[in-house]
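Next comes structure-v4.pdb, a file with PDB, C-alpha atoms.
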ATOM      1  CA  MET A   1    -157.210  47.370 -88.288
ATOM      2  CA  ALA A   2    -157.773  51.143 -88.380
ATOM      3  CA  SER A   3    -157.886  51.383 -84.585
ATOM      4  CA  TYR A   4    -154.624  49.460 -84.289
ATOM      5  CA  ASP A   5    -152.888  51.735 -86.795
ATOM      6  CA  CYS A   6    -154.221  54.761 -84.933
ATOM      7  CA  LEU A   7    -152.740  53.412 -81.684
ATOM      8  CA  ARG A   8    -149.399  52.790 -83.404
ATOM      9  CA  TRP A   9    -149.263  56.330 -84.791
ATOM     10  CA  SER A  10    -150.290  57.777 -81.435
ATOM     11  CA  VAL A  11    -147.667  55.813 -79.518
ATOM     12  CA  GLY A  12    -145.074  56.649 -82.162
ATOM     13  CA  PHE A  13    -145.767  60.378 -81.910
ATOM     14  CA  ILE A  14    -145.751  60.283 -78.094
ATOM     15  CA  SER A  15    -142.476  58.361 -78.205
ATOM     16  CA  ILE A  16    -140.747  60.880 -80.466
ATOM     17  CA  VAL A  17    -141.819  63.753 -78.200
ATOM     18  CA  SER A  18    -140.713  61.710 -75.180
ATOM     19  CA  MET A  19    -137.253  61.174 -76.698
ATOM     20  CA  LEU A  20    -136.862  64.900 -77.361
ATOM     21  CA  ILE A  21    -137.887  65.714 -73.791
ATOM     22  CA  GLY A  22    -135.426  63.097 -72.564
ATOM     23  CA  ILE A  23    -132.562  64.601 -74.563
ATOM     24  CA  VAL A  24    -133.340  68.086 -73.220
ATOM     25  CA  GLY A  25    -133.546  66.739 -69.659
ATOM     26  CA  LEU A  26    -130.239  64.881 -69.937
ATOM     27  CA  ALA A  27    -128.495  67.907 -71.456
ATOM     28  CA  ALA A  28    -129.875  70.306 -68.835
ATOM     29  CA  GLY A  29    -129.038  67.952 -65.964
ATOM     30  CA  GLY A  30    -125.505  67.437 -67.228
ATOM     31  CA  ALA A  31    -124.934  71.173 -67.661
ATOM     32  CA  ILE A  32    -126.128  71.951 -64.122
ATOM     33  CA  LEU A  33    -124.117  69.093 -62.617
ATOM     34  CA  ASN A  34    -120.910  70.419 -64.173
ATOM     35  CA  LYS A  35    -121.222  73.765 -62.373
ATOM     36  CA  ASN A  36    -119.015  74.188 -59.316
ATOM     37  CA  ASP A  37    -120.527  77.345 -57.796
ATOM     38  CA  LEU A  38    -122.925  75.665 -55.378
ATOM     39  CA  SER A  39    -123.542  77.619 -52.167
ATOM     40  CA  ALA A  40    -124.476  76.158 -48.792
ATOM     41  CA  LEU A  41    -128.167  76.507 -49.586
ATOM     42  CA  ALA A  42    -127.994  75.522 -53.249
ATOM     43  CA  ILE A  43    -130.086  72.623 -54.541
ATOM     44  CA  GLN A  44    -128.623  72.555 -58.045
ATOM     45  CA  ASP A  45    -127.148  69.112 -57.476
ATOM     46  CA  PHE A  46    -130.562  67.698 -56.537
ATOM     47  CA  ILE A  47    -132.174  69.396 -59.544
ATOM     48  CA  ALA A  48    -129.444  68.055 -61.834
ATOM     49  CA  ILE A  49    -129.831  64.466 -60.640
ATOM     50  CA  THR A  50    -133.618  64.722 -60.934
ATOM     51  CA  LEU A  51    -133.341  66.047 -64.486
ATOM     52  CA  LEU A  52    -130.914  63.288 -65.436
ATOM     53  CA  ALA A  53    -133.190  60.591 -63.998
ATOM     54  CA  LEU A  54    -136.312  61.976 -65.669
ATOM     55  CA  GLY A  55    -134.453  62.607 -68.911
ATOM     56  CA  GLY A  56    -133.217  59.023 -68.955
ATOM     57  CA  ALA A  57    -136.713  57.687 -68.230
ATOM     58  CA  PHE A  58    -138.302  59.774 -70.996
ATOM     59  CA  PHE A  59    -135.603  58.812 -73.489
ATOM     60  CA  LEU A  60    -135.921  55.111 -72.659
ATOM     61  CA  ALA A  61    -139.707  55.309 -72.914
ATOM     62  CA  GLY A  62    -139.362  57.027 -76.284
ATOM     63  CA  ILE A  63    -137.002  54.398 -77.656
ATOM     64  CA  SER A  64    -139.249  51.580 -76.406
ATOM     65  CA  GLY A  65    -142.367  53.188 -77.836
ATOM     66  CA  CYS A  66    -140.783  53.821 -81.241
ATOM     67  CA  VAL A  67    -139.591  50.218 -81.541
ATOM     68  CA  GLY A  68    -142.944  48.916 -80.295
ATOM     69  CA  ALA A  69    -144.898  51.049 -82.776
ATOM     70  CA  LYS A  70    -142.611  50.566 -85.779
ATOM     71  CA  TRP A  71    -141.760  46.876 -85.444
ATOM     72  CA  LYS A  72    -144.769  45.765 -83.385
ATOM     73  CA  SER A  73    -142.630  44.582 -80.505
ATOM     74  CA  THR A  74    -144.806  43.535 -77.569
ATOM     75  CA  CYS A  75    -141.869  43.729 -75.167
ATOM     76  CA  CYS A  76    -141.009  47.313 -76.162
ATOM     77  CA  GLY A  77    -144.654  48.368 -76.190
ATOM     78  CA  VAL A  78    -145.169  47.031 -72.681
ATOM     79  CA  SER A  79    -141.904  48.667 -71.543
ATOM     80  CA  PHE A  80    -143.199  51.987 -72.877
ATOM     81  CA  SER A  81    -146.403  51.512 -70.888
ATOM     82  CA  ILE A  82    -144.643  50.490 -67.687
ATOM     83  CA  ILE A  83    -142.343  53.521 -67.739
ATOM     84  CA  PHE A  84    -145.242  55.927 -68.250
ATOM     85  CA  SER A  85    -147.275  54.115 -65.590
ATOM     86  CA  LEU A  86    -144.439  54.612 -63.100
ATOM     87  CA  LEU A  87    -144.026  58.259 -64.104
ATOM     88  CA  SER A  88    -147.769  58.708 -63.666
ATOM     89  CA  LEU A  89    -147.739  57.226 -60.167
ATOM     90  CA  ILE A  90    -144.716  59.330 -59.157
ATOM     91  CA  LEU A  91    -146.249  62.565 -60.438
ATOM     92  CA  VAL A  92    -149.611  61.942 -58.779
ATOM     93  CA  ALA A  93    -147.863  61.082 -55.485
ATOM     94  CA  VAL A  94    -145.686  64.207 -55.714
ATOM     95  CA  GLY A  95    -148.722  66.330 -56.569
ATOM     96  CA  VAL A  96    -150.738  65.050 -53.620
ATOM     97  CA  ALA A  97    -147.731  65.505 -51.304
ATOM     98  CA  ALA A  98    -147.266  69.099 -52.533
ATOM     99  CA  LEU A  99    -150.901  69.931 -51.824
ATOM    100  CA  ILE A 100    -150.688  68.444 -48.331
ATOM    101  CA  TYR A 101    -147.311  70.055 -47.584
ATOM    102  CA  SER A 102    -148.481  73.496 -48.708
ATOM    103  CA  GLY A 103    -151.038  73.453 -45.917
ATOM    104  CA  LYS A 104    -148.685  72.171 -43.236
ATOM    105  CA  PHE A 105    -145.550  74.160 -44.041
ATOM    106  CA  ASN A 106    -146.805  77.267 -42.269
ATOM    107  CA  ASP A 107    -147.151  75.247 -39.050
ATOM    108  CA  GLN A 108    -143.543  74.073 -39.349
ATOM    109  CA  ILE A 109    -142.118  77.609 -39.429
ATOM    110  CA  SER A 110    -144.194  79.202 -36.696
ATOM    111  CA  GLY A 111    -143.251  79.812 -33.057
ATOM    112  CA  GLU A 112    -140.762  77.498 -31.404
ATOM    113  CA  LYS A 113    -140.668  75.128 -34.389
ATOM    114  CA  CYS A 114    -139.128  77.923 -36.449
ATOM    115  CA  ARG A 115    -136.425  78.630 -33.860
ATOM    116  CA  THR A 116    -135.414  74.991 -33.430
ATOM    117  CA  GLY A 117    -136.101  73.584 -36.868
ATOM    118  CA  LEU A 118    -135.307  74.454 -40.455
ATOM    119  CA  PHE A 119    -134.460  78.109 -39.776
ATOM    120  CA  GLU A 120    -132.579  77.684 -36.494
ATOM    121  CA  ASP A 121    -129.172  78.950 -37.688
ATOM    122  CA  ALA A 122    -130.650  81.706 -39.832
ATOM    123  CA  ASN A 123    -132.877  82.886 -36.989
ATOM    124  CA  LYS A 124    -129.954  82.986 -34.572
ATOM    125  CA  GLY A 125    -128.030  85.180 -36.993
ATOM    126  CA  ALA A 126    -130.969  87.546 -37.557
ATOM    127  CA  ASP A 127    -131.688  87.917 -33.838
ATOM    128  CA  LYS A 128    -128.036  88.710 -33.169
ATOM    129  CA  ALA A 129    -128.063  91.216 -36.009
ATOM    130  CA  PHE A 130    -131.033  93.040 -34.486
ATOM    131  CA  GLU A 131    -129.359  92.982 -31.062
ATOM    132  CA  LEU A 132    -126.129  94.588 -32.310
ATOM    133  CA  PHE A 133    -127.378  96.778 -35.162
ATOM    134  CA  CYS A 134    -128.620 100.199 -33.991
ATOM    135  CA  SER A 135    -127.145  99.801 -30.519
ATOM    136  CA  ALA A 136    -124.212 100.976 -28.414
ATOM    137  CA  ASP A 137    -122.082  98.568 -30.458
ATOM    138  CA  CYS A 138    -123.171  99.975 -33.802
ATOM    139  CA  ASP A 139    -125.210 103.137 -34.363
ATOM    140  CA  CYS A 140    -127.280 103.195 -37.531
ATOM    141  CA  ASP A 141    -128.540 105.607 -40.150
ATOM    142  CA  LEU A 142    -132.231 105.397 -39.245
ATOM    143  CA  ASP A 143    -134.898 107.811 -38.034
ATOM    144  CA  TYR A 144    -136.096 106.339 -34.729
ATOM    145  CA  ALA A 145    -139.310 108.396 -34.821
ATOM    146  CA  GLU A 146    -140.540 106.458 -37.850
ATOM    147  CA  TYR A 147    -140.570 103.197 -35.894
ATOM    148  CA  PRO A 148    -142.684 103.546 -32.720
ATOM    149  CA  SER A 149    -142.686  99.764 -32.191
ATOM    150  CA  LEU A 150    -138.979  99.917 -31.300
ATOM    151  CA  THR A 151    -139.873 101.271 -27.856
ATOM    152  CA  SER A 152    -141.298  97.897 -26.861
ATOM    153  CA  MET A 153    -138.213  96.144 -28.265
ATOM    154  CA  ASN A 154    -135.824  97.755 -25.770
ATOM    155  CA  LYS A 155    -134.116  99.837 -28.433
ATOM    156  CA  ASP A 156    -132.567 103.135 -27.345
ATOM    157  CA  ALA A 157    -133.209 106.139 -29.613
ATOM    158  CA  ALA A 158    -129.697 107.430 -28.914
ATOM    159  CA  PHE A 159    -128.172 104.918 -31.288
ATOM    160  CA  TYR A 160    -130.358 105.797 -34.294
ATOM    161  CA  VAL A 161    -128.192 108.492 -35.819
ATOM    162  CA  PRO A 162    -129.027 109.611 -39.360
ATOM    163  CA  SER A 163    -125.614 110.513 -40.781
ATOM    164  CA  THR A 164    -123.178 109.529 -43.489
ATOM    165  CA  THR A 165    -120.911 107.790 -40.964
ATOM    166  CA  SER A 166    -123.563 105.570 -39.386
ATOM    167  CA  ALA A 167    -123.986 101.982 -40.545
ATOM    168  CA  THR A 168    -126.734 101.218 -43.075
ATOM    169  CA  SER A 169    -126.632  97.437 -42.614
ATOM    170  CA  VAL A 170    -125.398  95.012 -39.985
ATOM    171  CA  GLU A 171    -122.457  93.787 -42.064
ATOM    172  CA  LYS A 172    -120.810  97.167 -41.392
ATOM    173  CA  CYS A 173    -120.914  96.570 -37.633
ATOM    174  CA  PRO A 174    -117.478  95.314 -36.425
ATOM    175  CA  ASN A 175    -118.923  93.389 -33.482
ATOM    176  CA  TYR A 176    -121.303  91.462 -35.726
ATOM    177  CA  ASP A 177    -118.469  90.509 -38.044
ATOM    178  CA  ALA A 178    -116.514  89.268 -35.027
ATOM    179  CA  TRP A 179    -119.534  87.275 -33.810
ATOM    180  CA  THR A 180    -119.935  85.491 -37.152
ATOM    181  CA  ASN A 181    -116.324  84.300 -36.897
ATOM    182  CA  GLU A 182    -116.950  82.571 -33.577
ATOM    183  CA  GLY A 183    -117.686  78.847 -33.461
ATOM    184  CA  ASP A 184    -120.557  77.834 -35.743
ATOM    185  CA  ASN A 185    -121.816  81.382 -36.266
ATOM    186  CA  ASP A 186    -120.422  81.670 -39.794
ATOM    187  CA  PHE A 187    -123.704  80.542 -41.357
ATOM    188  CA  VAL A 188    -124.976  84.080 -41.948
ATOM    189  CA  ASP A 189    -121.618  85.412 -43.129
ATOM    190  CA  ASP A 190    -121.312  82.568 -45.647
ATOM    191  CA  ASN A 191    -124.796  83.306 -46.991
ATOM    192  CA  LEU A 192    -124.943  87.096 -46.650
ATOM    193  CA  ASP A 193    -126.067  87.627 -50.250
ATOM    194  CA  PHE A 194    -128.849  85.098 -49.700
ATOM    195  CA  PHE A 195    -130.139  87.060 -46.694
ATOM    196  CA  LYS A 196    -130.047  90.302 -48.670
ATOM    197  CA  ASP A 197    -131.950  88.752 -51.570
ATOM    198  CA  ILE A 198    -134.579  87.237 -49.264
ATOM    199  CA  GLU A 199    -135.224  90.602 -47.587
ATOM    200  CA  LYS A 200    -135.585  92.350 -50.937
ATOM    201  CA  GLU A 201    -137.683  89.585 -52.521
ATOM    202  CA  PHE A 202    -140.230  89.226 -49.724
ATOM    203  CA  HIS A 203    -139.989  92.701 -48.125
ATOM    204  CA  CYS A 204    -139.224  90.984 -44.832
ATOM    205  CA  SER A 205    -136.895  91.408 -41.870
ATOM    206  CA  GLY A 206    -135.965  88.943 -39.162
ATOM    207  CA  VAL A 207    -136.387  85.215 -39.637
ATOM    208  CA  CYS A 208    -138.779  83.871 -37.003
ATOM    209  CA  THR A 209    -139.355  87.269 -35.363
ATOM    210  CA  PHE A 210    -140.443  90.294 -37.396
ATOM    211  CA  TYR A 211    -138.251  93.399 -37.104
ATOM    212  CA  PRO A 212    -139.453  96.785 -38.407
ATOM    213  CA  TYR A 213    -136.402  97.608 -40.531
ATOM    214  CA  TYR A 214    -133.999  95.742 -42.820
ATOM    215  CA  LEU A 215    -130.908  94.237 -41.214
ATOM    216  CA  PHE A 216    -128.876  92.987 -44.183
ATOM    217  CA  SER A 217    -130.051  94.744 -47.353
ATOM    218  CA  GLY A 218    -129.833  98.308 -45.962
ATOM    219  CA  VAL A 219    -132.129 100.372 -43.764
ATOM    220  CA  ASP A 220    -132.749 102.752 -46.676
ATOM    221  CA  HIS A 221    -134.211  99.967 -48.820
ATOM    222  CA  THR A 222    -137.887 100.515 -49.717
ATOM    223  CA  PRO A 223    -140.659  99.580 -49.264
ATOM    224  CA  ALA A 224    -140.396  98.910 -45.536
ATOM    225  CA  PRO A 225    -140.585  95.265 -44.385
ATOM    226  CA  THR A 226    -144.063  93.964 -43.579
ATOM    227  CA  LYS A 227    -143.399  90.464 -42.194
ATOM    228  CA  SER A 228    -140.790  88.020 -40.973
ATOM    229  CA  CYS A 229    -138.793  86.229 -43.664
ATOM    230  CA  SER A 230    -140.000  82.795 -42.558
ATOM    231  CA  GLN A 231    -143.558  83.976 -43.191
ATOM    232  CA  GLY A 232    -142.531  85.376 -46.562
ATOM    233  CA  ILE A 233    -141.021  82.030 -47.546
ATOM    234  CA  ALA A 234    -144.102  80.182 -46.264
ATOM    235  CA  ASP A 235    -146.392  82.382 -48.368
ATOM    236  CA  LYS A 236    -144.228  81.749 -51.438
ATOM    237  CA  VAL A 237    -144.200  77.993 -50.861
ATOM    238  CA  LYS A 238    -147.983  77.989 -50.540
ATOM    239  CA  ASP A 239    -148.397  80.042 -53.720
ATOM    240  CA  LEU A 240    -146.120  77.694 -55.684
ATOM    241  CA  ALA A 241    -147.009  74.329 -54.150
ATOM    242  CA  ARG A 242    -150.742  74.431 -54.887
ATOM    243  CA  PRO A 243    -150.536  75.034 -58.679
ATOM    244  CA  PHE A 244    -147.523  72.704 -58.870
ATOM    245  CA  GLY A 245    -149.453  69.949 -57.088
ATOM    246  CA  ILE A 246    -152.512  70.320 -59.285
ATOM    247  CA  GLY A 247    -150.326  70.448 -62.402
ATOM    248  CA  ALA A 248    -148.421  67.318 -61.385
ATOM    249  CA  ILE A 249    -151.671  65.396 -60.855
ATOM    250  CA  ILE A 250    -153.018  66.483 -64.258
ATOM    251  CA  VAL A 251    -149.788  65.528 -66.049
ATOM    252  CA  GLY A 252    -149.762  62.234 -64.147
ATOM    253  CA  ALA A 253    -153.268  61.501 -65.417
ATOM    254  CA  ILE A 254    -152.162  62.276 -68.995
ATOM    255  CA  PHE A 255    -149.175  59.940 -68.623
ATOM    256  CA  PHE A 256    -151.526  57.225 -67.403
ATOM    257  CA  ILE A 257    -153.533  57.636 -70.630
ATOM    258  CA  PHE A 258    -150.269  57.276 -72.562
ATOM    259  CA  SER A 259    -149.550  54.019 -70.749
ATOM    260  CA  ILE A 260    -153.042  52.736 -71.565
ATOM    261  CA  CYS A 261    -152.416  53.478 -75.250
ATOM    262  CA  GLY A 262    -149.224  51.438 -75.087
ATOM    263  CA  TYR A 263    -150.941  48.495 -73.397
ATOM    264  CA  CYS A 264    -153.794  48.596 -75.925
ATOM    265  CA  MET A 265    -151.342  48.637 -78.843
ATOM    266  CA  SER A 266    -149.350  45.725 -77.436
ATOM    267  CA  CYS A 267    -152.430  43.607 -76.736
ATOM    268  CA  HIS A 268    -154.647  44.642 -79.646
ATOM    269  CA  PRO A 269    -156.299  41.680 -81.477
ATOM    270  CA  ASP A 270    -155.349  43.076 -84.900
ATOM    271  CA  ARG A 271    -151.712  42.858 -83.899
ATOM    272  CA  LYS A 272    -151.810  39.173 -84.831
ATOM    273  CA  ASP A 273    -152.055  40.192 -88.467
ATOM    274  CA  HIS A 274    -148.689  41.923 -88.193
ATOM    275  CA  HIS A 275    -145.180  40.775 -87.423
ATOM    276  CA  ASN A 276    -144.966  39.234 -83.972
ATOM    277  CA  PHE A 277    -141.550  40.283 -82.735
ATOM    278  CA  VAL A 278    -140.925  39.911 -79.013
TER     279      VAL A 278
END
As structure tokens, the full file:
Amino acid sequence: MASYDCLRWSVGFISIVSMLIGIVGLAAGGAILNKNDLSALAIQDFIAITLLALGGAFFLAGISGCVGAKWKSTCCGVSFSIIFSLLSLILVAVGVAALIYSGKFNDQISGEKCRTGLFEDANKGADKAFELFCSADCDCDLDYAEYPSLTSMNKDAAFYVPSTTSATSVEKCPNYDAWTNEGDNDFVDDNLDFFKDIEKEFHCSGVCTFYPYYLFSGVDHTPAPTKSCSQGIADKVKDLARPFGIGAIIVGAIFFIFSICGYCMSCHPDRKDHHNFV
């Protein structure tokens, strides 16, 4: 009898916590979904739907567990276990996928795959920016002598003119602005702030090809870029995906233990001494 009561209290406590998590998830998902400031690269809608789905699942599991523990309902107890079993499987699958993807993502953004895949539009905009910025079309406020690698990039020193009238970023180049208004080239212009933030966050320049100075956030921005932005993003994904994957697997294992507790409570022999509601 004591073991059965212990299972009931355990499931009841887990259920209450699950309901609270569900309420928070539903509230957060609803709040995000009501925002209308989504940019072209925003994933708030996906996050909102995910939070709503998880919040609903946690809340339903909590309700089922509370009813199963309080009124000894086999149906609700089993429902509690099934929901946590499914959540466990999903989390373990997501965790394993994250660990696998973290190792393969770098391959997907290297070489020709970068230029024709996920970063195709962004790379086209960055390459055009480097072509026009610090050129006959747009001189720039940069000391050419500090960047010896520019010699091999067919860049003429005559257009690197440190002065107050020279451009400090490509958005101040008239020809680049005209280029972004042609055809499908408006991707960069629509996401200019995103490009600036990426350069500052990862100290990077260029998308698939590394360029030795900043194109969008200002040539005077420090420290100097050290890698291409696709590599910066790949490094960040790897740093985040591994702990996320391991964490998801651990939480999935804990949820599986929760589901076992629910099954044990619903099928415990001492349950026959209690009310036998469906």
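All protein and nucleic acid residues in the vicinity of (-142.5, 70.6, -48.5), that is within 12 Å when counting all atoms listed in the file, are Val94, Gly95, Val96, Ala97, Ala98, Leu99, Ile100, Tyr101, Ser102, Gly103, Lys104, Phe105, Asn106, Asp107, Gln108, Ile109, Leu118, Ile233, Ala234, Lys236, Val237, Lys238, Leu240, Ala241, Arg242, Phe244 and Gly245 of chain A.
Minimum atom-to-atom distance to Ala28 (chain A), evaluated using only C-alpha atoms, belongs to A:Thr50 out of A:Ser73, A:Ser64, A:Ser149, A:Thr50.
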- Task: Name the residues in contact with Phe258 (chain A) at a cut-off of 12 Å, using all atoms listed in the file, excluding same-chain residues fewer than 5 positions from it; report them as a PyMOL selection string.
- Result: chain A and resi 7-8+10-15+18+61-62+65+77-78+80-88+251-253+263-265
Residue selection dump (C-alpha atoms) as a PDB file, in the coordinates of the input:
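That gives us part_29.pdb:
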ATOM      1  CA  LEU A   7    -152.740  53.412 -81.684  1.00  0.00           C
ATOM      2  CA  ARG A   8    -149.399  52.790 -83.404  1.00  0.00           C
ATOM      3  CA  SER A  10    -150.290  57.777 -81.435  1.00  0.00           C
ATOM      4  CA  VAL A  11    -147.667  55.813 -79.518  1.00  0.00           C
ATOM      5  CA  GLY A  12    -145.074  56.649 -82.162  1.00  0.00           C
ATOM      6  CA  PHE A  13    -145.767  60.378 -81.910  1.00  0.00           C
ATOM      7  CA  ILE A  14    -145.751  60.283 -78.094  1.00  0.00           C
ATOM      8  CA  SER A  15    -142.476  58.361 -78.205  1.00  0.00           C
ATOM      9  CA  SER A  18    -140.713  61.710 -75.180  1.00  0.00           C
ATOM     10  CA  ALA A  61    -139.707  55.309 -72.914  1.00  0.00           C
ATOM     11  CA  GLY A  62    -139.362  57.027 -76.284  1.00  0.00           C
ATOM     12  CA  GLY A  65    -142.367  53.188 -77.836  1.00  0.00           C
ATOM     13  CA  GLY A  77    -144.654  48.368 -76.190  1.00  0.00           C
ATOM     14  CA  VAL A  78    -145.169  47.031 -72.681  1.00  0.00           C
ATOM     15  CA  PHE A  80    -143.199  51.987 -72.877  1.00  0.00           C
ATOM     16  CA  SER A  81    -146.403  51.512 -70.888  1.00  0.00           C
ATOM     17  CA  ILE A  82    -144.643  50.490 -67.687  1.00  0.00           C
ATOM     18  CA  ILE A  83    -142.343  53.521 -67.739  1.00  0.00           C
ATOM     19  CA  PHE A  84    -145.242  55.927 -68.250  1.00  0.00           C
ATOM     20  CA  SER A  85    -147.275  54.115 -65.590  1.00  0.00           C
ATOM     21  CA  LEU A  86    -144.439  54.612 -63.100  1.00  0.00           C
ATOM     22  CA  LEU A  87    -144.026  58.259 -64.104  1.00  0.00           C
ATOM     23  CA  SER A  88    -147.769  58.708 -63.666  1.00  0.00           C
ATOM     24  CA  VAL A 251    -149.788  65.528 -66.049  1.00  0.00           C
ATOM     25  CA  GLY A 252    -149.762  62.234 -64.147  1.00  0.00           C
ATOM     26  CA  ALA A 253    -153.268  61.501 -65.417  1.00  0.00           C
ATOM     27  CA  TYR A 263    -150.941  48.495 -73.397  1.00  0.00           C
ATOM     28  CA  CYS A 264    -153.794  48.596 -75.925  1.00  0.00           C
ATOM     29  CA  MET A 265    -151.342  48.637 -78.843  1.00  0.00           C
TER      30      MET A 265
END
- So which residues fall inside 8 Å of (-131.4, 91.2, -46.9) if we count only C-alpha atoms? Mind giving them as a PyMOL selection string? chain A and resi 192-200+205+214-218
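CA of Leu26 (chain A) to CA of Ile63 (chain A) spans 14.7 Å [interatomic distance, one decimal].
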- Name the residues that the PyMOL selection byres ((chain A and resi 173) around 12) picks from the file above, as a ChimeraX atom specification, using the file's chain letters and numbers. /A:128-140,165-172,174-180,215-216
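Picture a line from CA of Asp220 (chain A) to CA of Cys204 (chain A); it runs 13.6 Å.
Computed from the coordinates, the CA of Gly206 (chain A) to CA of Tyr147 (chain A) distance equals 15.3 Å.
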- Task: To verify the selection step, state as an MDAnalysis selection string which residues the PyMOL selection byres ((chain A and resi 29) around 8) yields on this input.
- Result: chainID A and resid 25:28 30:33 47:52
So for region 67-76 of chain A, what box centre and size do we get, axis-aligned, 8 Å extra on each of the six sides, every listed atom, Å to one decimal, as lines of an AutoDock Vina configuration file?
center_x = -142.2
center_y = 47.3
center_z = -80.5
size_x = 21.3
size_y = 23.5
size_z = 26.6
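Comparing the minimum interatomic distances between Asp121 (chain A) and each of A:Tyr144, A:Phe187, A:Phe59, A:Phe256, counting all atoms listed in the file, we find that A:Phe187 sits nearest.
Of the residues under consideration (A:Cys6, A:Ala248, A:Cys75, A:Ala224), A:Cys6 shows the shortest atom-to-atom contact distance to Asp270 (chain A) when counting all atoms listed in the file.
Counting all atoms listed in the file and comparing A:Lys124, A:Lys227, A:Lys72, A:Lys113, the residue that lies closest to Val188 (chain A) is A:Lys124.
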- Query: From the set A:Gly68, A:Pro148, A:Pro223, A:Gly56, which residue has the shortest atom-to-atom contact distance to Cys261 (chain A), counting all atoms listed in the file?
  - Reply: A:Gly68
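The smallest atom-to-atom distance between Phe202 (chain A) and any of A:Val219, A:Val67, A:Cys229, A:Ile21, using only C-alpha atoms, is found for A:Cys229.
When the PyMOL selection byres ((chain A and resi 207) around 6) is evaluated on the file shown here, the picked residues come out as Asn123, Gly206, Cys208, Thr209, Ser228, Cys229 and Ser230 of chain A.
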Rebuild region 256-269 of chain A so that it carries N, CA and C atoms, then output the result as a PDB file, keeping the file's coordinate frame.
ATOM      1  N   PHE A 256    -150.808  58.490 -67.580  1.00  0.00           N
ATOM      2  CA  PHE A 256    -151.526  57.225 -67.403  1.00  0.00           C
ATOM      3  C   PHE A 256    -152.286  56.868 -68.691  1.00  0.00           C
ATOM      4  N   ILE A 257    -152.853  57.875 -69.351  1.00  0.00           N
ATOM      5  CA  ILE A 257    -153.533  57.636 -70.630  1.00  0.00           C
ATOM      6  C   ILE A 257    -152.528  57.151 -71.666  1.00  0.00           C
ATOM      7  N   PHE A 258    -151.319  57.738 -71.642  1.00  0.00           N
ATOM      8  CA  PHE A 258    -150.269  57.276 -72.562  1.00  0.00           C
ATOM      9  C   PHE A 258    -149.969  55.794 -72.331  1.00  0.00           C
ATOM     10  N   SER A 259    -149.864  55.415 -71.064  1.00  0.00           N
ATOM     11  CA  SER A 259    -149.550  54.019 -70.749  1.00  0.00           C
ATOM     12  C   SER A 259    -150.668  53.091 -71.209  1.00  0.00           C
ATOM     13  N   ILE A 260    -151.911  53.533 -71.094  1.00  0.00           N
ATOM     14  CA  ILE A 260    -153.042  52.736 -71.565  1.00  0.00           C
ATOM     15  C   ILE A 260    -152.964  52.537 -73.077  1.00  0.00           C
ATOM     16  N   CYS A 261    -152.583  53.594 -73.794  1.00  0.00           N
ATOM     17  CA  CYS A 261    -152.416  53.478 -75.250  1.00  0.00           C
ATOM     18  C   CYS A 261    -151.368  52.423 -75.594  1.00  0.00           C
ATOM     19  N   GLY A 262    -150.272  52.425 -74.838  1.00  0.00           N
ATOM     20  CA  GLY A 262    -149.224  51.438 -75.087  1.00  0.00           C
ATOM     21  C   GLY A 262    -149.689  50.022 -74.820  1.00  0.00           C
ATOM     22  N   TYR A 263    -150.412  49.831 -73.716  1.00  0.00           N
ATOM     23  CA  TYR A 263    -150.941  48.495 -73.397  1.00  0.00           C
ATOM     24  C   TYR A 263    -151.933  48.035 -74.474  1.00  0.00           C
ATOM     25  N   CYS A 264    -152.805  48.949 -74.904  1.00  0.00           N
ATOM     26  CA  CYS A 264    -153.794  48.596 -75.925  1.00  0.00           C
ATOM     27  C   CYS A 264    -153.121  48.223 -77.242  1.00  0.00           C
ATOM     28  N   MET A 265    -152.064  48.958 -77.613  1.00  0.00           N
ATOM     29  CA  MET A 265    -151.342  48.637 -78.843  1.00  0.00           C
ATOM     30  C   MET A 265    -150.680  47.266 -78.747  1.00  0.00           C
ATOM     31  N   SER A 266    -150.083  46.980 -77.597  1.00  0.00           N
ATOM     32  CA  SER A 266    -149.350  45.725 -77.436  1.00  0.00           C
ATOM     33  C   SER A 266    -150.268  44.515 -77.383  1.00  0.00           C
ATOM     34  N   CYS A 267    -151.503  44.735 -76.920  1.00  0.00           N
ATOM     35  CA  CYS A 267    -152.430  43.607 -76.736  1.00  0.00           C
ATOM     36  C   CYS A 267    -153.588  43.631 -77.721  1.00  0.00           C
ATOM     37  N   HIS A 268    -153.531  44.505 -78.709  1.00  0.00           N
ATOM     38  CA  HIS A 268    -154.647  44.642 -79.646  1.00  0.00           C
ATOM     39  C   HIS A 268    -154.815  43.366 -80.483  1.00  0.00           C
ATOM     40  N   PRO A 269    -156.063  42.913 -80.696  1.00  0.00           N
ATOM     41  CA  PRO A 269    -156.299  41.680 -81.477  1.00  0.00           C
ATOM     42  C   PRO A 269    -155.761  41.754 -82.906  1.00  0.00           C
TER      43      PRO A 269
END
